[in-house]
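protein.pdb (PDB, C-alpha atoms) appears below.
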```pdb
MODEL        1
ATOM      1  CA  MET A   1     110.906 259.132  54.069  1.00  0.00           C
ATOM      2  CA  ARG A   2     107.111 259.314  53.933  1.00  0.00           C
ATOM      3  CA  VAL A   3     106.554 256.610  56.572  1.00  0.00           C
ATOM      4  CA  PRO A   4     108.425 258.448  59.374  1.00  0.00           C
ATOM      5  CA  LEU A   5     106.689 261.720  58.469  1.00  0.00           C
ATOM      6  CA  LEU A   6     103.258 260.054  58.479  1.00  0.00           C
ATOM      7  CA  LEU A   7     104.055 258.238  61.725  1.00  0.00           C
ATOM      8  CA  GLY A   8     105.233 261.504  63.307  1.00  0.00           C
ATOM      9  CA  ALA A   9     102.104 263.357  62.208  1.00  0.00           C
ATOM     10  CA  THR A  10      99.851 260.550  63.461  1.00  0.00           C
ATOM     11  CA  THR A  11     101.650 260.473  66.810  1.00  0.00           C
ATOM     12  CA  ALA A  12     101.267 264.242  67.177  1.00  0.00           C
ATOM     13  CA  VAL A  13      97.514 264.047  66.512  1.00  0.00           C
ATOM     14  CA  ILE A  14      97.092 261.251  69.060  1.00  0.00           C
ATOM     15  CA  VAL A  15      99.118 263.075  71.715  1.00  0.00           C
ATOM     16  CA  LEU A  16      97.269 266.352  71.181  1.00  0.00           C
ATOM     17  CA  SER A  17      93.892 264.596  71.247  1.00  0.00           C
ATOM     18  CA  ALA A  18      94.768 262.812  74.460  1.00  0.00           C
ATOM     19  CA  CYS A  19      95.813 266.083  76.097  1.00  0.00           C
ATOM     20  CA  GLY A  20      92.498 267.787  75.275  1.00  0.00           C
ATOM     21  CA  ALA A  21      90.205 264.913  76.188  1.00  0.00           C
ATOM     22  CA  PRO A  22      90.454 265.181  79.980  1.00  0.00           C
ATOM     23  CA  GLN A  23      89.697 268.915  79.930  1.00  0.00           C
ATOM     24  CA  ALA A  24      86.735 268.358  77.621  1.00  0.00           C
ATOM     25  CA  ARG A  25      85.383 265.698  80.005  1.00  0.00           C
ATOM     26  CA  LYS A  26      85.922 268.008  82.983  1.00  0.00           C
ATOM     27  CA  ASP A  27      84.118 270.819  81.184  1.00  0.00           C
ATOM     28  CA  GLY A  28      81.231 268.531  80.229  1.00  0.00           C
ATOM     29  CA  ALA A  29      80.808 267.172  83.756  1.00  0.00           C
ATOM     30  CA  SER A  30      81.095 270.642  85.267  1.00  0.00           C
ATOM     31  CA  THR A  31      78.512 272.088  82.890  1.00  0.00           C
ATOM     32  CA  ALA A  32      76.051 269.262  83.584  1.00  0.00           C
ATOM     33  CA  GLY A  33      76.497 269.623  87.340  1.00  0.00           C
ATOM     34  CA  ARG A  34      76.107 273.396  87.303  1.00  0.00           C
ATOM     35  CA  THR A  35      73.031 273.086  85.072  1.00  0.00           C
ATOM     36  CA  PHE A  36      71.514 270.545  87.476  1.00  0.00           C
ATOM     37  CA  GLU A  37      72.160 272.883  90.423  1.00  0.00           C
ATOM     38  CA  ALA A  38      70.700 275.867  88.530  1.00  0.00           C
ATOM     39  CA  ALA A  39      67.568 273.881  87.645  1.00  0.00           C
ATOM     40  CA  LEU A  40      67.078 272.934  91.307  1.00  0.00           C
ATOM     41  CA  ALA A  41      67.585 276.538  92.432  1.00  0.00           C
ATOM     42  CA  ALA A  42      65.029 277.748  89.867  1.00  0.00           C
ATOM     43  CA  GLY A  43      62.518 275.080  90.897  1.00  0.00           C
ATOM     44  CA  ASP A  44      62.690 273.589  87.393  1.00  0.00           C
ATOM     45  CA  PHE A  45      62.401 269.982  88.519  1.00  0.00           C
ATOM     46  CA  ARG A  46      61.575 268.749  85.021  1.00  0.00           C
ATOM     47  CA  ALA A  47      64.948 270.011  83.770  1.00  0.00           C
ATOM     48  CA  ALA A  48      66.739 268.657  86.855  1.00  0.00           C
ATOM     49  CA  CYS A  49      65.132 265.237  86.358  1.00  0.00           C
ATOM     50  CA  GLY A  50      66.286 265.314  82.745  1.00  0.00           C
ATOM     51  CA  LEU A  51      69.863 265.553  84.011  1.00  0.00           C
ATOM     52  CA  LEU A  52      69.600 262.515  86.285  1.00  0.00           C
ATOM     53  CA  ALA A  53      71.116 259.216  85.197  1.00  0.00           C
ATOM     54  CA  PRO A  54      68.408 256.695  84.274  1.00  0.00           C
ATOM     55  CA  GLY A  55      69.145 254.457  87.268  1.00  0.00           C
ATOM     56  CA  SER A  56      69.078 257.382  89.697  1.00  0.00           C
ATOM     57  CA  ARG A  57      65.794 258.661  88.316  1.00  0.00           C
ATOM     58  CA  GLU A  58      64.233 255.187  88.446  1.00  0.00           C
ATOM     59  CA  GLN A  59      65.419 254.660  92.024  1.00  0.00           C
ATOM     60  CA  LEU A  60      63.964 258.007  93.113  1.00  0.00           C
ATOM     61  CA  GLU A  61      60.611 257.276  91.466  1.00  0.00           C
ATOM     62  CA  GLU A  62      60.510 253.785  92.941  1.00  0.00           C
ATOM     63  CA  ASP A  63      61.396 254.976  96.450  1.00  0.00           C
ATOM     64  CA  GLU A  64      58.940 257.887  96.415  1.00  0.00           C
ATOM     65  CA  LYS A  65      56.186 256.157  94.400  1.00  0.00           C
ATOM     66  CA  LYS A  66      55.702 259.218  92.198  1.00  0.00           C
ATOM     67  CA  PRO A  67      57.177 260.792  89.053  1.00  0.00           C
ATOM     68  CA  CYS A  68      60.600 262.392  89.344  1.00  0.00           C
ATOM     69  CA  GLU A  69      59.279 265.961  88.951  1.00  0.00           C
ATOM     70  CA  GLU A  70      57.063 265.425  92.011  1.00  0.00           C
ATOM     71  CA  ALA A  71      59.567 263.376  94.013  1.00  0.00           C
ATOM     72  CA  LEU A  72      62.669 265.536  93.569  1.00  0.00           C
ATOM     73  CA  PRO A  73      61.471 268.549  95.613  1.00  0.00           C
ATOM     74  CA  SER A  74      60.884 266.316  98.654  1.00  0.00           C
ATOM     75  CA  GLN A  75      64.556 265.298  98.654  1.00  0.00           C
ATOM     76  CA  GLU A  76      65.528 268.739  99.975  1.00  0.00           C
ATOM     77  CA  LEU A  77      68.870 268.627  98.179  1.00  0.00           C
ATOM     78  CA  PRO A  78      71.358 271.220  99.400  1.00  0.00           C
ATOM     79  CA  ARG A  79      72.306 274.005  97.026  1.00  0.00           C
ATOM     80  CA  GLY A  80      75.914 273.382  96.166  1.00  0.00           C
ATOM     81  CA  GLY A  81      77.203 276.929  95.892  1.00  0.00           C
ATOM     82  CA  ALA A  82      80.400 277.574  93.967  1.00  0.00           C
ATOM     83  CA  VAL A  83      82.234 274.750  92.190  1.00  0.00           C
ATOM     84  CA  ARG A  84      85.418 273.957  94.083  1.00  0.00           C
ATOM     85  CA  SER A  85      86.752 270.928  92.228  1.00  0.00           C
ATOM     86  CA  VAL A  86      86.165 268.648  89.275  1.00  0.00           C
ATOM     87  CA  GLU A  87      87.704 265.188  89.141  1.00  0.00           C
ATOM     88  CA  VAL A  88      87.174 262.902  86.163  1.00  0.00           C
ATOM     89  CA  TYR A  89      88.085 259.236  86.058  1.00  0.00           C
ATOM     90  CA  GLY A  90      87.233 257.854  82.627  1.00  0.00           C
ATOM     91  CA  ARG A  91      83.458 258.155  82.304  1.00  0.00           C
ATOM     92  CA  GLN A  92      82.884 258.994  85.990  1.00  0.00           C
ATOM     93  CA  ALA A  93      83.170 262.404  87.623  1.00  0.00           C
ATOM     94  CA  LEU A  94      83.032 263.942  91.064  1.00  0.00           C
ATOM     95  CA  LEU A  95      82.013 267.595  91.159  1.00  0.00           C
ATOM     96  CA  GLY A  96      82.744 269.307  94.459  1.00  0.00           C
ATOM     97  CA  PHE A  97      80.670 272.337  95.400  1.00  0.00           C
ATOM     98  CA  ARG A  98      80.975 274.415  98.534  1.00  0.00           C
ATOM     99  CA  ASP A  99      78.175 272.549 100.344  1.00  0.00           C
ATOM    100  CA  GLU A 100      77.859 269.191  98.585  1.00  0.00           C
ATOM    101  CA  THR A 101      79.327 266.811  96.036  1.00  0.00           C
ATOM    102  CA  LEU A 102      77.684 265.468  92.880  1.00  0.00           C
ATOM    103  CA  PHE A 103      78.659 262.224  91.197  1.00  0.00           C
ATOM    104  CA  LEU A 104      78.170 262.019  87.449  1.00  0.00           C
ATOM    105  CA  SER A 105      78.561 259.460  84.682  1.00  0.00           C
ATOM    106  CA  GLN A 106      79.070 260.080  81.001  1.00  0.00           C
ATOM    107  CA  PHE A 107      76.402 258.499  78.797  1.00  0.00           C
ATOM    108  CA  ASP A 108      76.141 258.517  75.002  1.00  0.00           C
ATOM    109  CA  ASP A 109      73.991 261.662  75.173  1.00  0.00           C
ATOM    110  CA  GLY A 110      76.115 263.488  77.759  1.00  0.00           C
ATOM    111  CA  TRP A 111      76.875 263.705  81.459  1.00  0.00           C
ATOM    112  CA  ARG A 112      74.170 262.746  83.946  1.00  0.00           C
ATOM    113  CA  VAL A 113      73.975 263.054  87.734  1.00  0.00           C
ATOM    114  CA  THR A 114      74.147 259.657  89.430  1.00  0.00           C
ATOM    115  CA  ALA A 115      74.168 260.903  93.035  1.00  0.00           C
ATOM    116  CA  ALA A 116      73.445 264.287  94.620  1.00  0.00           C
ATOM    117  CA  GLY A 117      73.495 265.864  98.043  1.00  0.00           C
ATOM    118  CA  CYS A 118      76.616 263.891  98.919  1.00  0.00           C
ATOM    119  CA  VAL A 119      78.884 264.667 101.855  1.00  0.00           C
ATOM    120  CA  PRO A 120      82.029 262.787 102.820  1.00  0.00           C
ATOM    121  CA  GLU A 121      81.922 260.516 105.825  1.00  0.00           C
ATOM    122  CA  PRO A 122      84.781 260.590 108.344  1.00  0.00           C
ATOM    123  CA  GLY A 123      87.828 258.409 107.769  1.00  0.00           C
ATOM    124  CA  ASP A 124      87.736 255.897 104.953  1.00  0.00           C
ATOM    125  CA  GLU A 125      83.947 255.667 104.820  1.00  0.00           C
ATOM    126  CA  PRO A 126      82.180 256.409 101.519  1.00  0.00           C
ATOM    127  CA  TYR A 127      80.090 259.485 100.842  1.00  0.00           C
ATOM    128  CA  ARG A 128      76.578 259.736 102.252  1.00  0.00           C
ATOM    129  CA  CYS A 129      74.172 260.893  99.542  1.00  0.00           C
ATOM    130  CA  VAL A 130      70.589 262.136  99.693  1.00  0.00           C
ATOM    131  CA  LEU A 131      69.857 260.995  96.129  1.00  0.00           C
ATOM    132  CA  LYS A 132      71.561 257.999  94.586  1.00  0.00           C
ATOM    133  CA  GLY A 133      70.953 255.410  91.917  1.00  0.00           C
ATOM    134  CA  ALA A 134      70.503 251.698  92.206  1.00  0.00           C
TER     135      ALA A 134
ENDMDL
END
```

Go ahead and express the file in the form of structure tokens.
Amino acid sequence: MRVPLLLGATTAVIVLSACGAPQARKDGASTAGRTFEAALAAGDFRAACGLLAPGSREQLEEDEKKPCEEALPSQELPRGGAVRSVEVYGRQALLGFRDETLFLSQFDDGWRVTAAGCVPEPGDEPYRCVLKGA
């Protein structure tokens, strides 16, 4: 009798954990994206750079030939406005704002912005992004 009870309890824990995981990932991605947008709006480019994925930050610094904090303001990223949608696919997320879309990836230390200032292209074309990683 103990085996079915243990198996049932284990199954319940797994099912409940699986149900909460997507929402937790959505919340994490949404928080990171909103924090990135708030840092940009406040002119806190050091904080915004801290929320960029390593590859995106490196690409920006390489392209602009200056540190992220100095390079980011010249990108003239749009201010996203209100969050309209959050889509999470495993460790990748797409955060839709009123005026732009952010792409994020989940790293060991949290969600980071991989591309910003993105707008959809017509038809089946990919997004066009102001800031993107390598």

Exercise. List, as an MDAnalysis selection string, every residue that the PyMOL selection byres ((chain A and resi 70-87) around 9) selects in the file provided.
Key: chainID A and resid 26:27 29:30 34 37:38 40:41 43 45:46 48:49 60:61 63:69 88:89 92:102 116:117 130:131

Can I get the selected residues back with C-alpha atoms, as a PDB file, in the coordinates of the input?
```pdb
ATOM      1  CA  LYS A  26      85.922 268.008  82.983  1.00  0.00           C
ATOM      2  CA  ASP A  27      84.118 270.819  81.184  1.00  0.00           C
ATOM      3  CA  ALA A  29      80.808 267.172  83.756  1.00  0.00           C
ATOM      4  CA  SER A  30      81.095 270.642  85.267  1.00  0.00           C
ATOM      5  CA  ARG A  34      76.107 273.396  87.303  1.00  0.00           C
ATOM      6  CA  GLU A  37      72.160 272.883  90.423  1.00  0.00           C
ATOM      7  CA  ALA A  38      70.700 275.867  88.530  1.00  0.00           C
ATOM      8  CA  LEU A  40      67.078 272.934  91.307  1.00  0.00           C
ATOM      9  CA  ALA A  41      67.585 276.538  92.432  1.00  0.00           C
ATOM     10  CA  GLY A  43      62.518 275.080  90.897  1.00  0.00           C
ATOM     11  CA  PHE A  45      62.401 269.982  88.519  1.00  0.00           C
ATOM     12  CA  ARG A  46      61.575 268.749  85.021  1.00  0.00           C
ATOM     13  CA  ALA A  48      66.739 268.657  86.855  1.00  0.00           C
ATOM     14  CA  CYS A  49      65.132 265.237  86.358  1.00  0.00           C
ATOM     15  CA  LEU A  60      63.964 258.007  93.113  1.00  0.00           C
ATOM     16  CA  GLU A  61      60.611 257.276  91.466  1.00  0.00           C
ATOM     17  CA  ASP A  63      61.396 254.976  96.450  1.00  0.00           C
ATOM     18  CA  GLU A  64      58.940 257.887  96.415  1.00  0.00           C
ATOM     19  CA  LYS A  65      56.186 256.157  94.400  1.00  0.00           C
ATOM     20  CA  LYS A  66      55.702 259.218  92.198  1.00  0.00           C
ATOM     21  CA  PRO A  67      57.177 260.792  89.053  1.00  0.00           C
ATOM     22  CA  CYS A  68      60.600 262.392  89.344  1.00  0.00           C
ATOM     23  CA  GLU A  69      59.279 265.961  88.951  1.00  0.00           C
ATOM     24  CA  VAL A  88      87.174 262.902  86.163  1.00  0.00           C
ATOM     25  CA  TYR A  89      88.085 259.236  86.058  1.00  0.00           C
ATOM     26  CA  GLN A  92      82.884 258.994  85.990  1.00  0.00           C
ATOM     27  CA  ALA A  93      83.170 262.404  87.623  1.00  0.00           C
ATOM     28  CA  LEU A  94      83.032 263.942  91.064  1.00  0.00           C
ATOM     29  CA  LEU A  95      82.013 267.595  91.159  1.00  0.00           C
ATOM     30  CA  GLY A  96      82.744 269.307  94.459  1.00  0.00           C
ATOM     31  CA  PHE A  97      80.670 272.337  95.400  1.00  0.00           C
ATOM     32  CA  ARG A  98      80.975 274.415  98.534  1.00  0.00           C
ATOM     33  CA  ASP A  99      78.175 272.549 100.344  1.00  0.00           C
ATOM     34  CA  GLU A 100      77.859 269.191  98.585  1.00  0.00           C
ATOM     35  CA  THR A 101      79.327 266.811  96.036  1.00  0.00           C
ATOM     36  CA  LEU A 102      77.684 265.468  92.880  1.00  0.00           C
ATOM     37  CA  ALA A 116      73.445 264.287  94.620  1.00  0.00           C
ATOM     38  CA  GLY A 117      73.495 265.864  98.043  1.00  0.00           C
ATOM     39  CA  VAL A 130      70.589 262.136  99.693  1.00  0.00           C
ATOM     40  CA  LEU A 131      69.857 260.995  96.129  1.00  0.00           C
TER      41      LEU A 131
END
```

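Here CA of Asp124 (chain A) stands at a distance of 25.0 Å from CA of Gly33 (chain A).
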
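The gap separating CA of Gln106 (chain A) from CA of Arg25 (chain A) is 8.5 Å, in Å to one decimal.
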
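The spacing separating CA of Trp111 (chain A) from CA of Phe36 (chain A) amounts to 10.6 Å.
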
Output, as lines of an AutoDock Vina configuration file, the centre and edge lengths in Å (one decimal) of the axis-aligned box that contains all listed atoms of region 89-108 of chain A with 6 Å of margin on each side.
```
center_x = 82.1
center_y = 266.1
center_z = 87.7
size_x = 23.9
size_y = 28.6
size_z = 37.3
```

Practice problem: Go through A:Gly55, A:Arg128, A:Arg91, A:Arg112 one by one, measure the shortest atom-to-atom distance of each to Ala24 (chain A) using all atoms listed in the file, and give the residue with the smallest value. | Solution: A:Arg91
